[in-house]
Amino acid sequence: MTAIGSSLSGAISVGGACATWGPAILAAVSLFAPLAIVVEIREERPDNPRRAFRLSRSVADSGIILERPAPFEVDQPVTATFALPDPSARESFCLRALVALTDSDGDGSEGGAHLVFTDAPTEARRTIIKYVAGRLGLPGAESRR
């Protein structure tokens with residue numbers, strides 16, 4: 001039996017027969033926890049940026065889902081400012097994000113209600129992971145990253 005190489009392709013030989021496969025797509029998976037807080041969403045432009053406030057539905061270390069779409073274009077860079085309701089996470093977060101489509105069945109009918117964090121600092125991600133793990137009752141989940 002051969003191991004998968006760094007190119008993510010390989011072959012398995014079982015009883016003389018050989019099965020091969022090509023490149024694989026590996027996607028990161030984040031757990032979302034319910035979260036109902038106010039999020040300030042601000043355009044990332046220096047001259048008079050628009051801003052909006054939305055109630056959140058859930059949060060993960062990869063992004064935040066809003067109850068209603070943000071009034072910005074899909075793939076538009078924004079800054080999301082919010083604070084977790086966790087007493088141990090006393091700071092507010094001000095994270096860069098991209099507006100993305102979201103809905104329950106994958107067709108984007110709910111508009112740009114998903115803010116996908118881009119280059120979030122490690123400490124912010126750890127704090128969010130710890131919050132999500134505690135909210136979902138998954139002790140120790142924060143140490144897996």
# chains A, B, ... in the order shown; residues from 1 in each chain; ligands from 1

$ residues_around --residues "Ala100 in chain A" --least-positions-apart "4" --cutoff "8 Å" --atoms "only C-alpha atoms" --output "PyMOL selection string"
chain A and resi 74-75+111-116

$ write_last_selection --atoms "C-alpha atoms" --output "PDB file, in the first residue's frame"
ATOM      1  CA  VAL A  74     -21.456  39.917  -2.407  1.00  0.00           C
ATOM      2  CA  ASP A  75     -17.631  39.575  -2.119  1.00  0.00           C
ATOM      3  CA  GLY A 111     -28.679  37.346   0.175  1.00  0.00           C
ATOM      4  CA  GLY A 112     -25.385  38.419   1.694  1.00  0.00           C
ATOM      5  CA  ALA A 113     -26.073  37.455   5.290  1.00  0.00           C
ATOM      6  CA  HIS A 114     -22.784  35.580   5.829  1.00  0.00           C
ATOM      7  CA  LEU A 115     -19.653  37.519   6.746  1.00  0.00           C
ATOM      8  CA  VAL A 116     -16.616  35.323   6.073  1.00  0.00           C
TER       9      VAL A 116
END

$ closest_residue --among "A:Ala70, A:Ala120, A:Ala83, A:Ala52" --to "Val99 in chain A" --atoms "only C-alpha atoms"
A:Ala70

$ atom_distance --atom1 "CA of Thr79 in chain A" --atom2 "CA of Arg50 in chain A"
10.8 Å

$ closest_residue --among "A:Val59, A:Ile64, A:Leu84, A:Cys94" --to "Glu44 in chain A" --atoms "only C-alpha atoms"
A:Cys94

$ closest_residue --among "A:Ala124, A:Ile41, A:Pro69, A:Pro46" --to "Arg90 in chain A" --atoms "only C-alpha atoms"
A:Ala124

$ atom_distance --atom1 "CA of Pro71 in chain A" --atom2 "CA of Ala33 in chain A"
23.6 Å

$ closest_residue --among "A:Tyr131, A:Arg68, A:Ala60, A:Phe82" --to "Phe117 in chain A" --atoms "only C-alpha atoms"
A:Ala60

$ residues_around --residues "Ser56 in chain A" --least-positions-apart "4" --cutoff "8 Å" --atoms "only C-alpha atoms" --output "VMD selection string"
chain A and resid 35 to 39 64 to 67
